[in-house]
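Raw data-v9.txt, compact mmCIF, N, CA and C atoms:
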# COMPACT_ATOMS: atom_id res chain seq x y z
N MET A 262 112.41 72.25 94.08
CA MET A 262 112.45 73.24 93.04
C MET A 262 111.83 74.53 93.57
N ILE A 263 112.57 75.60 93.53
CA ILE A 263 112.09 76.89 94.00
C ILE A 263 111.70 77.73 92.80
N ILE A 264 110.50 78.25 92.84
CA ILE A 264 110.02 79.12 91.79
C ILE A 264 110.20 80.55 92.26
N HIS A 265 110.84 81.36 91.43
CA HIS A 265 111.03 82.76 91.80
C HIS A 265 110.12 83.62 90.94
N VAL A 266 109.27 84.37 91.59
CA VAL A 266 108.38 85.30 90.90
C VAL A 266 108.82 86.71 91.28
N ASN A 267 108.82 87.57 90.31
CA ASN A 267 109.25 88.94 90.51
C ASN A 267 108.38 89.64 91.55
N GLU A 268 108.94 90.58 92.28
CA GLU A 268 108.20 91.30 93.32
C GLU A 268 107.06 92.12 92.76
N THR A 269 107.20 92.60 91.53
CA THR A 269 106.10 93.37 90.93
C THR A 269 104.91 92.48 90.64
N TYR A 270 105.15 91.20 90.29
CA TYR A 270 104.04 90.27 90.09
C TYR A 270 103.31 90.01 91.41
N ILE A 271 104.07 89.88 92.48
CA ILE A 271 103.45 89.64 93.78
C ILE A 271 102.61 90.83 94.21
N LEU A 272 103.14 92.04 94.06
CA LEU A 272 102.37 93.24 94.38
C LEU A 272 101.14 93.35 93.50
N MET A 273 101.28 93.06 92.22
CA MET A 273 100.14 93.10 91.30
C MET A 273 99.08 92.07 91.69
N ASN A 274 99.52 90.89 92.13
CA ASN A 274 98.56 89.87 92.57
C ASN A 274 97.81 90.30 93.82
N TYR A 275 98.49 90.96 94.75
CA TYR A 275 97.81 91.46 95.94
C TYR A 275 96.77 92.52 95.57
N LEU A 276 97.14 93.42 94.67
CA LEU A 276 96.18 94.46 94.25
C LEU A 276 94.99 93.86 93.50
N ILE A 277 95.24 92.85 92.68
CA ILE A 277 94.14 92.16 91.99
C ILE A 277 93.22 91.50 93.00
N ALA A 278 93.77 90.85 94.00
CA ALA A 278 92.96 90.19 95.02
C ALA A 278 92.13 91.20 95.80
N ILE A 279 92.70 92.36 96.12
CA ILE A 279 91.97 93.38 96.86
C ILE A 279 90.81 93.93 96.03
N VAL A 280 91.09 94.30 94.80
CA VAL A 280 90.05 94.91 93.95
C VAL A 280 88.94 93.92 93.64
N ILE A 281 89.28 92.71 93.27
CA ILE A 281 88.25 91.74 92.91
C ILE A 281 87.44 91.33 94.12
N SER A 282 88.06 91.19 95.28
CA SER A 282 87.28 90.83 96.47
C SER A 282 86.28 91.92 96.84
N ILE A 283 86.67 93.18 96.69
CA ILE A 283 85.74 94.28 96.98
C ILE A 283 84.61 94.31 95.96
N ILE A 284 84.92 94.11 94.68
CA ILE A 284 83.89 94.12 93.64
C ILE A 284 82.90 92.98 93.83
N ILE A 285 83.40 91.79 94.13
CA ILE A 285 82.51 90.63 94.35
C ILE A 285 81.68 90.84 95.61
N ALA A 286 82.27 91.39 96.66
CA ALA A 286 81.52 91.65 97.89
C ALA A 286 80.41 92.66 97.65
N LEU A 287 80.68 93.69 96.87
CA LEU A 287 79.62 94.65 96.53
C LEU A 287 78.56 94.00 95.66
N GLY A 288 78.97 93.09 94.79
CA GLY A 288 78.02 92.35 93.97
C GLY A 288 77.14 91.42 94.80
N LEU A 289 77.67 90.94 95.92
CA LEU A 289 76.88 90.11 96.84
C LEU A 289 76.07 90.95 97.82
N ARG A 290 76.03 92.25 97.60
CA ARG A 290 75.26 93.21 98.38
C ARG A 290 75.74 93.39 99.81
N LEU A 291 77.04 93.29 100.01
CA LEU A 291 77.62 93.70 101.29
C LEU A 291 77.77 95.22 101.25
N PRO A 292 77.53 95.90 102.36
CA PRO A 292 77.70 97.36 102.34
C PRO A 292 79.18 97.72 102.19
N LEU A 293 79.43 98.89 101.62
CA LEU A 293 80.82 99.33 101.45
C LEU A 293 81.46 99.62 102.80
N LEU A 294 80.74 100.29 103.70
CA LEU A 294 81.21 100.60 105.05
C LEU A 294 80.19 100.11 106.06
N PRO A 295 80.62 99.81 107.29
CA PRO A 295 79.66 99.41 108.31
C PRO A 295 78.82 100.61 108.76
N PRO A 296 77.67 100.35 109.39
CA PRO A 296 76.86 101.48 109.88
C PRO A 296 77.57 102.20 111.01
N LYS A 297 77.15 103.43 111.26
CA LYS A 297 77.78 104.23 112.31
C LYS A 297 77.30 103.77 113.67
N PRO A 298 78.03 103.83 114.73
CA PRO A 298 79.43 104.25 114.86
C PRO A 298 80.36 103.16 114.34
N LYS A 299 81.30 103.53 113.53
CA LYS A 299 82.21 102.57 112.90
C LYS A 299 83.27 102.06 113.87
N ARG A 300 83.49 102.78 114.92
CA ARG A 300 84.57 102.45 115.84
C ARG A 300 84.33 101.11 116.55
N PHE A 301 83.12 100.82 116.96
CA PHE A 301 82.83 99.60 117.70
C PHE A 301 81.98 98.63 116.90
N SER A 302 82.00 98.75 115.59
CA SER A 302 81.15 97.92 114.75
C SER A 302 81.81 96.57 114.48
N PHE A 303 81.04 95.51 114.65
CA PHE A 303 81.49 94.17 114.30
C PHE A 303 80.75 93.66 113.09
N ASP A 304 80.16 94.56 112.32
CA ASP A 304 79.45 94.19 111.11
C ASP A 304 80.45 94.05 109.97
N VAL A 305 80.21 93.08 109.11
CA VAL A 305 81.10 92.90 107.96
C VAL A 305 80.71 93.86 106.86
N CYS A 306 81.68 94.24 106.06
CA CYS A 306 81.42 95.11 104.92
C CYS A 306 82.42 94.75 103.81
N ALA A 307 82.33 95.47 102.71
CA ALA A 307 83.19 95.15 101.57
C ALA A 307 84.64 95.55 101.80
N LEU A 308 84.89 96.58 102.61
CA LEU A 308 86.26 97.03 102.82
C LEU A 308 86.98 96.31 103.95
N PHE A 309 86.23 95.75 104.88
CA PHE A 309 86.85 95.00 105.97
C PHE A 309 85.90 93.91 106.41
N PRO A 310 86.24 92.72 106.49
CA PRO A 310 87.50 92.00 106.40
C PRO A 310 87.74 91.31 105.06
N THR A 311 86.93 91.61 104.04
CA THR A 311 87.01 90.87 102.78
C THR A 311 88.40 90.93 102.13
N PRO A 312 88.97 92.10 101.84
CA PRO A 312 90.30 92.09 101.20
C PRO A 312 91.41 91.62 102.14
N ILE A 313 91.21 91.79 103.44
CA ILE A 313 92.23 91.35 104.41
C ILE A 313 92.34 89.84 104.38
N ILE A 314 91.21 89.16 104.33
CA ILE A 314 91.22 87.69 104.26
C ILE A 314 91.83 87.24 102.94
N ALA A 315 91.49 87.93 101.85
CA ALA A 315 92.01 87.55 100.53
C ALA A 315 93.53 87.67 100.47
N ILE A 316 94.08 88.80 100.92
CA ILE A 316 95.54 88.94 100.83
C ILE A 316 96.25 88.09 101.88
N GLY A 317 95.58 87.79 102.98
CA GLY A 317 96.18 86.91 103.98
C GLY A 317 96.35 85.49 103.48
N ILE A 318 95.30 84.95 102.88
CA ILE A 318 95.39 83.59 102.33
C ILE A 318 96.37 83.56 101.16
N LEU A 319 96.34 84.60 100.34
CA LEU A 319 97.26 84.67 99.21
C LEU A 319 98.71 84.76 99.69
N ALA A 320 98.96 85.49 100.76
CA ALA A 320 100.32 85.59 101.30
C ALA A 320 100.80 84.25 101.85
N ILE A 321 99.89 83.51 102.48
CA ILE A 321 100.26 82.19 102.99
C ILE A 321 100.65 81.27 101.84
N LEU A 322 99.86 81.29 100.77
CA LEU A 322 100.17 80.43 99.63
C LEU A 322 101.45 80.86 98.92
N PHE A 323 101.69 82.16 98.83
CA PHE A 323 102.93 82.63 98.22
C PHE A 323 104.13 82.28 99.09
N ALA A 324 103.97 82.29 100.40
CA ALA A 324 105.07 81.91 101.29
C ALA A 324 105.42 80.43 101.15
N LEU A 325 104.41 79.64 100.77
CA LEU A 325 104.64 78.20 100.54
C LEU A 325 105.10 77.92 99.11
N ASN A 326 105.41 78.97 98.34
CA ASN A 326 105.83 78.87 96.94
C ASN A 326 104.79 78.17 96.07
N PHE A 327 103.54 78.45 96.32
CA PHE A 327 102.46 77.93 95.49
C PHE A 327 101.89 79.10 94.69
N TYR A 328 102.22 79.15 93.40
CA TYR A 328 101.80 80.25 92.55
C TYR A 328 100.78 79.83 91.50
N TRP A 329 100.69 78.57 91.20
CA TRP A 329 99.79 77.97 90.24
C TRP A 329 100.08 78.50 88.84
N ILE A 330 99.12 79.04 88.12
CA ILE A 330 99.37 79.44 86.73
C ILE A 330 99.36 80.96 86.61
N TRP A 331 99.96 81.44 85.54
CA TRP A 331 100.07 82.86 85.22
C TRP A 331 100.73 83.64 86.35
N ASP A 332 101.73 83.07 86.95
CA ASP A 332 102.50 83.70 88.03
C ASP A 332 101.62 84.13 89.21
N GLY A 333 100.56 83.39 89.47
CA GLY A 333 99.72 83.64 90.63
C GLY A 333 98.50 84.49 90.37
N ILE A 334 98.29 84.98 89.15
CA ILE A 334 97.14 85.84 88.88
C ILE A 334 95.84 85.06 89.01
N ALA A 335 95.80 83.85 88.47
CA ALA A 335 94.59 83.03 88.58
C ALA A 335 94.31 82.68 90.03
N LEU A 336 95.35 82.42 90.79
CA LEU A 336 95.18 82.12 92.21
C LEU A 336 94.64 83.33 92.96
N ALA A 337 95.10 84.52 92.62
CA ALA A 337 94.61 85.74 93.27
C ALA A 337 93.13 85.96 92.98
N ILE A 338 92.71 85.69 91.75
CA ILE A 338 91.30 85.86 91.39
C ILE A 338 90.42 84.86 92.13
N ILE A 339 90.85 83.61 92.17
CA ILE A 339 90.05 82.57 92.85
C ILE A 339 89.97 82.83 94.35
N ILE A 340 91.07 83.19 94.97
CA ILE A 340 91.08 83.48 96.40
C ILE A 340 90.20 84.69 96.71
N ALA A 341 90.21 85.70 95.85
CA ALA A 341 89.38 86.88 96.06
C ALA A 341 87.90 86.54 95.99
N ILE A 342 87.52 85.71 95.05
CA ILE A 342 86.11 85.30 94.92
C ILE A 342 85.68 84.52 96.15
N PHE A 343 86.50 83.55 96.56
CA PHE A 343 86.13 82.74 97.72
C PHE A 343 86.14 83.53 99.03
N SER A 344 86.99 84.53 99.14
CA SER A 344 87.00 85.33 100.37
C SER A 344 85.73 86.19 100.46
N ALA A 345 85.27 86.72 99.35
CA ALA A 345 84.02 87.50 99.37
C ALA A 345 82.83 86.61 99.71
N ILE A 346 82.79 85.42 99.16
CA ILE A 346 81.71 84.48 99.47
C ILE A 346 81.78 84.05 100.92
N PHE A 347 82.99 83.82 101.43
CA PHE A 347 83.15 83.44 102.83
C PHE A 347 82.65 84.54 103.77
N VAL A 348 83.01 85.78 103.49
CA VAL A 348 82.59 86.88 104.35
C VAL A 348 81.09 87.06 104.30
N LYS A 349 80.48 86.89 103.15
CA LYS A 349 79.03 87.10 103.03
C LYS A 349 78.24 86.01 103.76
N TYR A 350 78.63 84.76 103.59
CA TYR A 350 77.79 83.67 104.07
C TYR A 350 78.31 82.92 105.29
N LEU A 351 79.61 82.90 105.55
CA LEU A 351 80.14 82.07 106.63
C LEU A 351 80.88 82.82 107.73
N PHE A 352 81.18 84.08 107.54
CA PHE A 352 82.03 84.80 108.49
C PHE A 352 81.40 84.87 109.88
N ASN A 353 80.11 85.15 109.97
CA ASN A 353 79.46 85.27 111.28
C ASN A 353 79.31 83.93 111.99
N TYR A 354 79.37 82.82 111.25
CA TYR A 354 79.33 81.51 111.90
C TYR A 354 80.70 81.11 112.43
N VAL A 355 81.73 81.45 111.70
CA VAL A 355 83.09 81.10 112.13
C VAL A 355 83.57 82.05 113.23
N PHE A 356 83.28 83.35 113.06
CA PHE A 356 83.68 84.36 114.03
C PHE A 356 82.43 85.09 114.54
N PRO A 357 81.77 84.56 115.56
CA PRO A 357 80.54 85.21 116.03
C PRO A 357 80.83 86.56 116.68
N LYS A 358 79.80 87.41 116.71
CA LYS A 358 79.94 88.72 117.34
C LYS A 358 80.10 88.55 118.84
N PRO A 359 80.85 89.43 119.50
CA PRO A 359 81.03 89.31 120.94
C PRO A 359 79.72 89.64 121.67
N PRO A 360 79.55 89.10 122.86
CA PRO A 360 78.32 89.44 123.61
C PRO A 360 78.32 90.91 123.99
N GLU A 361 77.14 91.43 124.20
CA GLU A 361 77.01 92.85 124.56
C GLU A 361 77.67 93.10 125.91
N THR A 362 78.28 94.26 126.03
CA THR A 362 78.93 94.59 127.29
C THR A 362 77.90 95.09 128.29
N GLN A 363 78.29 95.16 129.53
CA GLN A 363 77.39 95.58 130.58
C GLN A 363 77.04 97.05 130.44
N GLU A 364 77.95 97.86 129.93
CA GLU A 364 77.67 99.29 129.75
C GLU A 364 76.57 99.51 128.72
N GLU A 365 76.57 98.74 127.64
CA GLU A 365 75.53 98.87 126.61
C GLU A 365 74.18 98.47 127.18
N ASN A 366 74.16 97.46 128.04
CA ASN A 366 72.89 97.05 128.65
C ASN A 366 72.35 98.13 129.58
N LEU A 367 73.22 98.80 130.33
CA LEU A 367 72.78 99.87 131.21
C LEU A 367 72.24 101.05 130.42
N GLU A 368 72.88 101.39 129.31
CA GLU A 368 72.39 102.48 128.48
C GLU A 368 71.06 102.15 127.82
N ALA A 369 70.87 100.90 127.45
CA ALA A 369 69.63 100.49 126.80
C ALA A 369 68.46 100.51 127.78
N ASP A 370 68.73 100.26 129.06
CA ASP A 370 67.66 100.25 130.07
C ASP A 370 67.16 101.65 130.40
N LYS A 371 67.98 102.66 130.17
CA LYS A 371 67.58 104.04 130.53
C LYS A 371 66.56 104.59 129.61

Exercise: express the given structure as structure tokens:
Amino acid sequence: MIIHVNETYILMNYLIAIVISIIIALGLRLPLLPPKPKRFSFDVCALFPTPIIAIGILAILFALNFYWIWDGIALAIIIAIFSAIFVKYLFNYVFPKPPETQEENLEADK
């Protein structure tokens, strides 16, 4: 049995997951942006990777035709909450920061 959900519902579910994951991450006291310099920062924040993980997991479930109830809205909310909790408490254990490069060590010694 194939369930067809309208494309506007899917887009709305992605936007719900993005907004709720950012709000929950800010509620868990994650910073909105990483500290400067942002270019080489591996610190987690509310804008990255929290909503990326939420919409990624949601996209996988939608590709498997798993929408659950209310055309996927409840699933988007639950995934957003769990992605914010994952980023706050488990992200650095699953994806550790890379070791310092040799150039950073040379600059620190000066």

Where's the centre, and what are the edge lengths in Å to one decimal, of a box along x, y and z enclosing all listed atoms of stretch 309-328 of chain A padded 3 Å per side, as JSON?
{"center_x": 95.9, "center_y": 86.8, "center_z": 99.0, "size_x": 25.9, "size_y": 23.8, "size_z": 21.0}

Quiz prompt | Atom pair atom CA of A:Ile321 / atom CA of A:Leu272: separation (Å) | solution = 14.2 Å

Quiz item: Distance atom C of A:Ala345-atom N of A:Leu322, one decimal place?
Solution: 17.9 Å

Self-check item: Nearest-residue call for A:Ile338, choices A:Ile316, A:Cys306, A:Leu289, A:Leu351, using only C-alpha atoms
Solution: A:Ile316

Exercise. Give me the residues within 9 Å of A:Tyr270 as a VMD selection string, counting only C-alpha atoms and dropping any in the same chain fewer than 5 places off.
Key: chain A and resid 275 332 to 334

Self-check item: Separation of atom N of A:Ala335 from atom C of A:Met273 in Å
Solution: 9.4 Å

Self-check item: From A:Ile342, A:Ile281, A:Val348, A:Val266, residue lying nearest A:Pro310 [all atoms listed in the file]
Solution: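 Nearest to A:Pro310: A:Val348.
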
Exercise. Report as a PyMOL selection string: the residues of chain A with a DSSP assignment of alpha helix (DSSP H), based on the backbone of this structure.
Key: chain A and resi 268-288+311-324+334-350+352-355+363-370
